[in-house]
file final27.txt (compact mmCIF, C-alpha atoms)
# COMPACT_ATOMS: atom_id res chain seq x y z
CA MET A 1 0.76 -74.52 -22.85
CA SER A 2 1.03 -71.13 -24.51
CA SER A 3 0.53 -68.11 -22.32
CA VAL A 4 -1.06 -64.76 -23.10
CA PRO A 5 1.54 -61.99 -22.68
CA VAL A 6 -0.11 -59.47 -20.37
CA ALA A 7 2.64 -58.31 -18.06
CA SER A 8 6.05 -59.62 -17.11
CA GLU A 9 4.96 -59.99 -13.49
CA ILE A 10 2.10 -62.38 -14.25
CA GLU A 11 1.44 -65.33 -16.52
CA VAL A 12 -2.04 -65.91 -17.93
CA LEU A 13 -2.98 -69.36 -19.20
CA ASP A 14 -6.04 -71.21 -20.45
CA LEU A 15 -8.23 -72.08 -17.44
CA ARG A 16 -8.89 -75.58 -18.77
CA HIS A 17 -5.31 -76.59 -18.08
CA PHE A 18 -5.97 -76.46 -14.33
CA SER A 19 -7.77 -78.84 -12.01
CA ALA A 20 -10.27 -78.06 -9.30
CA ARG A 21 -7.66 -79.04 -6.72
CA GLN A 22 -5.30 -76.35 -8.01
CA LEU A 23 -8.01 -73.68 -7.95
CA ARG A 24 -9.69 -74.61 -4.67
CA PRO A 25 -7.44 -72.56 -2.30
CA LEU A 26 -7.99 -69.42 -4.38
CA MET A 27 -11.74 -69.93 -4.61
CA GLU A 28 -12.04 -70.58 -0.88
CA ARG A 29 -10.32 -67.25 -0.25
CA GLU A 30 -12.83 -65.62 -2.57
CA ALA A 31 -15.72 -67.26 -0.69
CA GLY A 32 -14.31 -65.74 2.50
CA LEU A 33 -14.53 -62.28 0.95
CA TRP A 34 -18.16 -62.86 -0.05
CA GLN A 35 -18.88 -63.69 3.58
CA ASP A 36 -16.96 -60.73 5.01
CA ARG A 37 -18.15 -58.06 2.58
CA LEU A 38 -21.64 -59.20 1.61
CA ARG A 39 -22.58 -61.58 4.48
CA TRP A 40 -23.05 -64.18 1.76
CA ASP A 41 -22.14 -67.86 2.27
CA TYR A 42 -20.66 -68.57 -1.16
CA ARG A 43 -19.45 -72.11 -0.42
CA SER A 44 -22.22 -73.95 -2.28
CA SER A 45 -21.58 -71.86 -5.39
CA THR A 46 -17.86 -72.54 -5.01
CA GLU A 47 -18.40 -76.30 -4.91
CA LEU A 48 -20.67 -76.21 -7.96
CA LEU A 49 -18.14 -74.14 -9.89
CA LEU A 50 -15.31 -76.50 -8.90
CA LYS A 51 -17.26 -79.40 -10.43
CA TYR A 52 -17.50 -77.53 -13.71
CA LEU A 53 -13.82 -76.63 -13.56
CA GLU A 54 -12.87 -80.25 -12.96
CA SER A 55 -14.75 -81.25 -16.11
CA ARG A 56 -12.65 -78.74 -18.11
CA ILE A 57 -15.68 -77.30 -19.91
CA LEU A 58 -15.47 -73.67 -18.76
CA GLN A 59 -13.63 -71.24 -21.00
CA GLY A 60 -11.51 -68.68 -19.25
CA PHE A 61 -8.05 -67.86 -17.95
CA ALA A 62 -5.94 -68.48 -14.86
CA ALA A 63 -3.26 -66.13 -13.55
CA LEU A 64 0.00 -67.51 -12.18
CA ASP A 65 2.63 -65.95 -9.95
CA ARG A 66 5.79 -68.05 -10.11
CA GLY A 67 3.74 -71.11 -10.97
CA ARG A 68 1.12 -70.57 -8.24
CA VAL A 69 -2.49 -69.89 -9.27
CA CYS A 70 -3.41 -66.43 -7.99
CA GLY A 71 -6.43 -65.58 -10.12
CA TYR A 72 -9.07 -66.84 -12.51
CA THR A 73 -11.90 -65.73 -14.75
CA PHE A 74 -14.46 -67.71 -16.73
CA CYS A 75 -17.41 -67.19 -19.02
CA VAL A 76 -20.50 -69.12 -20.05
CA TYR A 77 -22.49 -68.87 -23.25
CA GLU A 78 -26.25 -68.53 -23.57
CA GLY A 79 -26.95 -68.53 -27.28
CA ALA A 80 -25.42 -65.38 -28.73
CA LYS A 81 -24.71 -63.98 -25.26
CA ALA A 82 -21.57 -64.48 -23.20
CA VAL A 83 -21.63 -63.91 -19.44
CA ILE A 84 -18.36 -63.28 -17.60
CA GLY A 85 -19.29 -65.26 -14.51
CA ASP A 86 -16.41 -64.13 -12.33
CA ALA A 87 -13.00 -62.50 -12.29
CA PHE A 88 -10.94 -62.68 -9.14
CA ALA A 89 -7.28 -62.53 -8.16
CA THR A 90 -5.46 -62.17 -4.87
CA GLY A 91 -2.08 -62.76 -3.28
CA HIS A 92 0.26 -61.77 -6.13
CA ARG A 93 3.71 -60.80 -4.85
CA THR A 94 4.02 -57.44 -6.63
CA MET A 95 0.62 -56.65 -8.18
CA SER A 96 -2.51 -55.45 -6.43
CA ASP A 97 -5.55 -57.70 -6.53
CA ALA A 98 -7.31 -55.29 -8.88
CA ASP A 99 -4.34 -55.13 -11.27
CA ALA A 100 -4.03 -58.91 -11.33
CA THR A 101 -7.76 -59.19 -12.04
CA ARG A 102 -7.38 -56.63 -14.80
CA ALA A 103 -4.68 -58.81 -16.36
CA LEU A 104 -7.30 -61.57 -16.59
CA LEU A 105 -10.09 -59.41 -17.96
CA VAL A 106 -8.01 -58.05 -20.85
CA PRO A 107 -7.60 -61.42 -22.63
CA MET A 108 -11.13 -62.44 -21.68
CA LEU A 109 -12.65 -59.42 -23.40
CA GLU A 110 -10.40 -59.89 -26.40
CA MET A 111 -11.47 -63.52 -26.69
CA LEU A 112 -15.16 -62.61 -26.53
CA ARG A 113 -14.81 -59.80 -29.04
CA ASN A 114 -13.51 -62.33 -31.53
CA ALA A 115 -15.79 -65.23 -30.57
CA PRO A 116 -18.00 -66.22 -33.52
CA GLY A 117 -21.70 -65.77 -32.92
CA VAL A 118 -21.36 -63.67 -29.75
CA ASP A 119 -23.19 -60.34 -30.01
CA ARG A 120 -23.67 -59.51 -26.32
CA VAL A 121 -21.47 -59.64 -23.19
CA GLU A 122 -22.74 -59.24 -19.62
CA SER A 123 -20.98 -59.24 -16.27
CA GLN A 124 -21.43 -58.26 -12.62
CA LEU A 125 -18.28 -58.10 -10.50
CA LEU A 126 -19.75 -57.56 -7.04
CA LEU A 127 -16.53 -57.86 -5.05
CA PHE A 128 -15.02 -54.76 -6.64
CA ASN A 129 -15.79 -51.11 -6.09
CA ALA A 130 -17.93 -49.30 -8.64
CA GLY A 131 -15.84 -48.07 -11.55
CA GLU A 132 -12.84 -50.29 -10.71
CA PHE A 133 -12.56 -51.53 -14.31
CA ALA A 134 -14.46 -48.73 -16.02
CA ASP A 135 -11.61 -48.09 -18.45
CA LEU A 136 -11.81 -51.65 -19.77
CA PHE A 137 -15.51 -51.22 -20.52
CA ALA A 138 -15.31 -47.60 -21.68
CA SER A 139 -15.51 -48.25 -25.42
CA PRO A 140 -18.81 -47.45 -27.21
CA GLU A 141 -19.70 -51.14 -27.45
CA PHE A 142 -20.15 -51.35 -23.66
CA THR A 143 -22.58 -49.63 -21.29
CA ILE A 144 -21.86 -49.44 -17.56
CA TYR A 145 -24.80 -49.55 -15.13
CA PRO A 146 -24.05 -48.68 -11.50
CA ARG A 147 -25.78 -51.02 -9.05
CA LEU A 148 -26.65 -50.76 -5.36
CA PHE A 149 -26.44 -53.57 -2.85
CA LEU A 150 -29.04 -52.75 -0.21
CA GLU A 151 -28.99 -54.17 3.31
CA CYS A 152 -31.40 -53.94 6.23
CA ASP A 153 -30.57 -55.18 9.72
CA LEU A 154 -33.72 -56.78 11.11
CA GLY A 155 -32.25 -57.60 14.50
CA VAL A 156 -33.79 -54.61 16.25
CA LYS A 157 -37.12 -55.19 14.50
CA ARG A 158 -37.46 -58.94 15.03
CA GLU A 159 -39.72 -58.82 18.11
CA ALA A 160 -42.01 -56.24 16.52
CA LEU A 161 -42.23 -58.25 13.30
CA LEU A 162 -42.96 -61.44 15.20
CA ALA A 163 -45.68 -59.85 17.33
CA ASP A 164 -47.23 -58.22 14.28
CA ALA A 165 -47.27 -61.48 12.32
CA VAL A 166 -48.90 -63.43 15.13
CA SER A 167 -51.56 -60.82 15.96
CA ASP A 168 -52.72 -60.14 12.38
CA PRO A 169 -50.82 -62.13 9.73
CA LEU A 170 -52.77 -60.66 6.79
CA SER A 171 -52.87 -57.07 7.96
CA GLY A 172 -52.92 -54.63 5.06
CA VAL A 173 -54.02 -57.07 2.33
CA PRO A 174 -56.83 -55.47 0.29
CA ALA A 175 -60.02 -57.52 0.27
CA GLU A 176 -59.85 -58.14 -3.48
CA LEU A 177 -56.35 -59.63 -3.22
CA GLU A 178 -55.18 -62.96 -1.84
CA LEU A 179 -51.75 -63.70 -0.40
CA SER A 180 -50.25 -67.21 -0.61
CA LEU A 181 -46.89 -68.96 -0.51
CA TRP A 182 -44.97 -70.00 -3.62
CA THR A 183 -45.61 -73.46 -5.08
CA THR A 184 -44.08 -75.21 -8.07
CA GLU A 185 -47.36 -74.63 -9.93
CA ASP A 186 -46.54 -70.92 -9.96
CA TYR A 187 -43.66 -71.21 -12.46
CA GLN A 188 -45.47 -70.23 -15.65
CA ALA A 189 -47.60 -67.48 -14.13
CA ALA A 190 -44.58 -66.05 -12.28
CA ALA A 191 -42.50 -65.95 -15.47
CA GLU A 192 -45.34 -64.26 -17.34
CA LEU A 193 -45.63 -61.65 -14.59
CA ILE A 194 -41.87 -60.97 -14.60
CA HIS A 195 -41.87 -60.56 -18.37
CA ALA A 196 -44.89 -58.23 -18.29
CA CYS A 197 -43.53 -56.11 -15.43
CA TYR A 198 -40.23 -55.42 -17.16
CA VAL A 199 -41.60 -54.33 -20.53
CA GLY A 200 -39.92 -51.00 -21.27
CA HIS A 201 -37.94 -51.12 -18.01
CA SER A 202 -34.28 -50.10 -17.93
CA ASP A 203 -33.37 -53.46 -16.35
CA THR A 204 -34.06 -55.13 -19.71
CA ARG A 205 -30.94 -53.40 -21.00
CA ILE A 206 -28.93 -54.91 -18.15
CA ASN A 207 -30.41 -58.42 -18.22
CA ASP A 208 -31.85 -59.46 -21.57
CA GLN A 209 -33.66 -62.43 -19.99
CA TYR A 210 -36.45 -60.04 -18.98
CA ARG A 211 -37.17 -59.26 -22.63
CA THR A 212 -38.87 -62.56 -23.47
CA LEU A 213 -41.09 -65.09 -21.72
CA HIS A 214 -38.52 -67.81 -22.44
CA GLY A 215 -35.80 -65.69 -20.84
CA SER A 216 -37.97 -64.94 -17.82
CA LEU A 217 -38.56 -68.67 -17.33
CA ARG A 218 -34.82 -69.25 -17.48
CA PHE A 219 -34.22 -66.45 -14.98
CA LEU A 220 -36.79 -67.95 -12.62
CA HIS A 221 -35.36 -71.44 -13.02
CA ASN A 222 -31.90 -70.15 -12.09
CA ILE A 223 -33.27 -68.53 -8.92
CA VAL A 224 -35.20 -71.59 -7.77
CA ARG A 225 -32.88 -74.40 -8.82
CA PHE A 226 -29.32 -73.11 -8.59
CA PRO A 227 -27.35 -71.64 -5.65
CA GLY A 228 -26.00 -68.57 -7.44
CA CYS A 229 -28.61 -66.38 -5.73
CA GLY A 230 -28.67 -68.43 -2.53
CA VAL A 231 -30.88 -71.34 -1.49
CA PHE A 232 -34.44 -70.64 -2.59
CA GLU A 233 -36.90 -70.44 0.32
CA SER A 234 -40.40 -71.33 -0.87
CA ASN A 235 -41.77 -70.90 2.67
CA PHE A 236 -40.84 -67.21 2.63
CA SER A 237 -41.68 -66.38 -1.00
CA TRP A 238 -45.11 -64.84 -1.49
CA MET A 239 -47.60 -64.65 -4.37
CA LEU A 240 -50.34 -62.02 -4.59
CA ARG A 241 -53.45 -62.83 -6.66
CA ASP A 242 -56.63 -61.11 -7.69
CA ARG A 243 -59.43 -63.06 -5.97
CA ARG A 244 -61.89 -62.51 -8.79
CA SER A 245 -59.76 -63.53 -11.75
CA GLY A 246 -57.16 -65.67 -9.99
CA ALA A 247 -54.44 -63.81 -11.91
CA LEU A 248 -51.02 -63.43 -10.33
CA VAL A 249 -50.46 -59.70 -9.84
CA GLY A 250 -47.43 -59.53 -7.56
CA MET A 251 -44.70 -61.56 -5.93
CA VAL A 252 -41.62 -61.40 -3.75
CA LEU A 253 -39.09 -64.24 -3.95
CA CYS A 254 -36.61 -64.91 -1.17
CA SER A 255 -33.44 -66.98 -0.84
CA ARG A 256 -31.17 -67.76 2.07
CA VAL A 257 -27.60 -66.59 1.44
CA GLY A 258 -26.10 -67.13 4.88
CA ALA A 259 -26.83 -67.95 8.50
CA GLY A 260 -29.68 -65.61 9.37
CA VAL A 261 -29.38 -63.65 6.12
CA ALA A 262 -32.03 -63.56 3.40
CA HIS A 263 -31.80 -62.11 -0.09
CA ILE A 264 -34.78 -60.76 -2.02
CA THR A 265 -34.18 -62.11 -5.52
CA GLN A 266 -37.27 -60.68 -7.22
CA LEU A 267 -39.98 -58.19 -6.35
CA CYS A 268 -42.52 -57.17 -8.97
CA ILE A 269 -46.09 -55.87 -9.19
CA ALA A 270 -48.36 -55.83 -12.24
CA GLN A 271 -48.70 -52.30 -13.64
CA ALA A 272 -52.43 -52.02 -12.92
CA TYR A 273 -51.92 -52.84 -9.24
CA ARG A 274 -49.02 -50.55 -8.41
CA GLY A 275 -49.41 -47.93 -5.73
CA PRO A 276 -49.24 -47.53 -1.95
CA ARG A 277 -52.15 -49.91 -1.30
CA ALA A 278 -51.22 -52.64 -3.76
CA TRP A 279 -48.42 -54.48 -1.97
CA PRO A 280 -49.22 -55.23 1.66
CA ARG A 281 -46.51 -55.10 4.27
CA ALA A 282 -47.53 -58.66 5.15
CA ALA A 283 -45.90 -59.88 1.93
CA ALA A 284 -42.33 -59.13 3.01
CA ALA A 285 -40.26 -62.31 3.21
CA GLU A 286 -39.50 -61.64 6.87
CA ARG A 287 -43.21 -61.24 7.68
CA ALA A 288 -44.08 -64.81 8.60
CA GLU A 289 -43.42 -66.07 12.13
CA PRO A 290 -41.05 -68.91 11.05
CA ALA A 291 -38.94 -66.43 9.11
CA ALA A 292 -38.54 -64.19 12.14
CA ARG A 293 -36.64 -67.00 13.83
CA TRP A 294 -33.83 -67.19 11.29
CA VAL A 295 -33.68 -63.90 9.39
CA ARG A 296 -31.58 -61.21 11.05
CA GLY A 297 -31.05 -59.25 7.85
CA HIS A 298 -31.92 -59.16 4.22
CA SER A 299 -30.35 -57.73 1.10
CA ARG A 300 -31.22 -56.93 -2.46
CA SER A 301 -29.07 -55.83 -5.37
CA ARG A 302 -30.51 -53.21 -7.64
call {"tool": "encode", "arguments": {"input": "final27.txt", "output": "structure tokens"}}
result
Amino acid sequence: MSSVPVASEIEVLDLRHFSARQLRPLMEREAGLWQDRLRWDYRSSTELLLKYLESRILQGFAALDRGRVCGYTFCVYEGAKAVIGDAFATGHRTMSDADATRALLVPMLEMLRNAPGVDRVESQLLLFNAGEFADLFASPEFTIYPRLFLECDLGVKREALLADAVSDPLSGVPAELELSLWTTEDYQAAAELIHACYVGHSDTRINDQYRTLHGSLRFLHNIVRFPGCGVFESNFSWMLRDRRSGALVGMVLCSRVGAGVAHITQLCIAQAYRGPRAWPRAAAAERAEPAARWVRGHSRSR
């Protein structure tokens, strides 16, 4: 095994040389940080990633400190786009976690710069402070977009929400609009709405899936089928339709990311229906009575 010379204190090797068993302790520590910092139960994502690692199909690098795995990074390819799925390091004897992670990102970026057919690289490193690796992405080929992770504690509002939902569950819904729960038949219409809502939006520069209907379908499939954004909750995801035409004009999608914690994965309204009266307060994922029993907080990254 040939190593990438990054620093004398750390050894960086091809990730595919390592088994899931060797990486599990490190990844379980990372899952603990997701829980502590973001109230996010990351264990299902960890198990899925370990399966991929065991199959030796993920490209990336592992960091070693005296033969012990102390960090890893990996990427996946979607056509001409590469996504750095994660970069994490902890527990090195002499290097900080951020410096050890930096030692992994340097060869990763170099590999992707020279990868044939790759013309776009994306990444979100949510466990690190904003600007932590800004110098690595400071060249003209990269653009850095600051993001906010928003959180609302619903504990003090639970009784009011519950009483409101029981007394008038459709309060605030305009007469020409109809509110209903998500069903699998909503896939195509939901993807079309997402694509239409993001035309000309700055988020299309961050996530190129919004730029096409095919990409929007893929984005939606990832939310509903895979645990990266939590466990999709169809019972607390709402569709808003025009009664006359039947067209889908708004939606809010919700996933469960921890015990009593929900995550709003998508919220969009058709351009013609935007405004203070368009999206009723009844459509919030916490609005329904069953949701009030398990949601104590919700979050959304922006």
call {"tool": "residues_around", "arguments": {"input": "final27.txt", "residues": "A:Val252", "least_positions_apart": "6", "cutoff": "6 Å", "atoms": "all atoms listed in the file", "output": "list in words"}}
result
Ser237, Trp238, Gln266 and Leu267 of chain A
call {"tool": "closest_atom_pairs", "arguments": {"input": "final27.txt", "of": "stretch 109-209 of chain A", "to": "stretch 62-74 of chain A", "cutoff": "12 Å", "atoms": "all atoms listed in the file", "output": "Markdown table"}}
result
| residue | atom | partner | partner_atom | distance |
| --- | --- | --- | --- | --- |
| A:Leu109 | CA | A:Thr73 | CA | 10.7 |
| A:Met111 | CA | A:Phe74 | CA | 11.2 |
| A:Leu112 | CA | A:Phe74 | CA | 11.1 |
| A:Ser123 | CA | A:Phe74 | CA | 10.7 |
| A:Leu125 | CA | A:Thr73 | CA | 10.8 |
call {"tool": "residues_around", "arguments": {"input": "final27.txt", "residues": "stretch 223-226 of chain A", "least_positions_apart": "2", "cutoff": "10 Å", "atoms": "all atoms listed in the file", "output": "PyMOL selection string"}}
result
chain A and resi 44-45+48+184+187+217-221+228-234+253-255+265-266
call {"tool": "atom_distance", "arguments": {"input": "final27.txt", "atom1": "atom CA of A:Arg56", "atom2": "atom CA of A:Ala87"}}
result
17.3 Å
call {"tool": "axis_aligned_box", "arguments": {"input": "final27.txt", "around": "stretch 206-222 of chain A", "padding_each_side": "3 Å", "output": "AutoDock Vina command-line options"}}
result
--center_x -35.0 --center_y -63.2 --center_z -17.8 --size_x 18.2 --size_y 22.5 --size_z 17.4
call {"tool": "closest_residue", "arguments": {"input": "final27.txt", "among": "A:Arg256, A:Asn222, A:Ala189, A:Ile10", "to": "A:Met95", "atoms": "all atoms listed in the file"}}
result
A:Ile10
call {"tool": "closest_residue", "arguments": {"input": "final27.txt", "among": "A:Trp40, A:Pro116, A:Arg93, A:Ser139", "to": "A:Tyr77", "atoms": "only C-alpha atoms"}}
result
A:Pro116
call {"tool": "residues_around", "arguments": {"input": "final27.txt", "residues": "stretch 27-37 of chain A", "least_positions_apart": "2", "cutoff": "9 Å", "atoms": "all atoms listed in the file", "output": "list in words"}}
result
Leu23, Arg24, Pro25, Arg39, Trp40, Asp41, Tyr42, Arg43, Ser45, Thr46, Leu50, Gly71, Tyr72, Phe88, Ala89, Thr90, Leu126, Leu127 and Gly258 of chain A
call {"tool": "decode", "arguments": {"input": "final27.txt", "residues": "stretch 57-68 of chain A", "atoms": "N, CA, C and O atoms", "output": "mmCIF file, in the first residue's frame"}}
result
data_model
loop_
_atom_site.group_PDB
_atom_site.id
_atom_site.type_symbol
_atom_site.label_atom_id
_atom_site.label_comp_id
_atom_site.auth_asym_id
_atom_site.auth_seq_id
_atom_site.Cartn_x
_atom_site.Cartn_y
_atom_site.Cartn_z
ATOM 1 N N ILE A 57 -16.138 -0.279 -2.638
ATOM 2 C CA ILE A 57 -16.475 0.421 -3.871
ATOM 3 C C ILE A 57 -16.362 1.933 -3.737
ATOM 4 O O ILE A 57 -16.413 2.649 -4.742
ATOM 5 N N LEU A 58 -16.219 2.447 -2.514
ATOM 6 C CA LEU A 58 -16.139 3.891 -2.318
ATOM 7 C C LEU A 58 -14.704 4.372 -2.457
ATOM 8 O O LEU A 58 -13.798 3.855 -1.807
ATOM 9 N N GLN A 59 -14.504 5.381 -3.287
ATOM 10 C CA GLN A 59 -13.186 5.995 -3.397
ATOM 11 C C GLN A 59 -13.005 7.010 -2.285
ATOM 12 O O GLN A 59 -13.940 7.728 -1.917
ATOM 13 N N GLY A 60 -11.810 7.058 -1.746
ATOM 14 C CA GLY A 60 -11.532 8.005 -0.683
ATOM 15 C C GLY A 60 -10.222 7.690 -0.004
ATOM 16 O O GLY A 60 -9.379 6.947 -0.539
ATOM 17 N N PHE A 61 -10.040 8.234 1.191
ATOM 18 C CA PHE A 61 -8.789 8.071 1.920
ATOM 19 C C PHE A 61 -9.072 7.832 3.404
ATOM 20 O O PHE A 61 -10.095 8.282 3.937
ATOM 21 N N ALA A 62 -8.156 7.127 4.037
ATOM 22 C CA ALA A 62 -8.204 6.918 5.483
ATOM 23 C C ALA A 62 -6.935 7.492 6.088
ATOM 24 O O ALA A 62 -5.854 7.407 5.493
ATOM 25 N N ALA A 63 -7.045 8.072 7.257
ATOM 26 C CA ALA A 63 -5.901 8.631 7.974
ATOM 27 C C ALA A 63 -5.518 7.692 9.113
ATOM 28 O O ALA A 63 -6.388 7.182 9.824
ATOM 29 N N LEU A 64 -4.220 7.471 9.267
ATOM 30 C CA LEU A 64 -3.731 6.577 10.307
ATOM 31 C C LEU A 64 -2.780 7.312 11.238
ATOM 32 O O LEU A 64 -1.960 8.131 10.800
ATOM 33 N N ASP A 65 -2.893 6.988 12.506
ATOM 34 C CA ASP A 65 -1.976 7.484 13.533
ATOM 35 C C ASP A 65 -1.352 6.262 14.195
ATOM 36 O O ASP A 65 -2.014 5.554 14.956
ATOM 37 N N ARG A 66 -0.105 5.993 13.853
ATOM 38 C CA ARG A 66 0.595 4.807 14.351
ATOM 39 C C ARG A 66 -0.198 3.523 14.068
ATOM 40 O O ARG A 66 -0.363 2.660 14.918
ATOM 41 N N GLY A 67 -0.727 3.454 12.852
ATOM 42 C CA GLY A 67 -1.434 2.259 12.424
ATOM 43 C C GLY A 67 -2.896 2.207 12.801
ATOM 44 O O GLY A 67 -3.619 1.299 12.377
ATOM 45 N N ARG A 68 -3.376 3.167 13.586
ATOM 46 C CA ARG A 68 -4.784 3.191 13.996
ATOM 47 C C ARG A 68 -5.549 4.175 13.131
ATOM 48 O O ARG A 68 -5.121 5.306 12.919
#
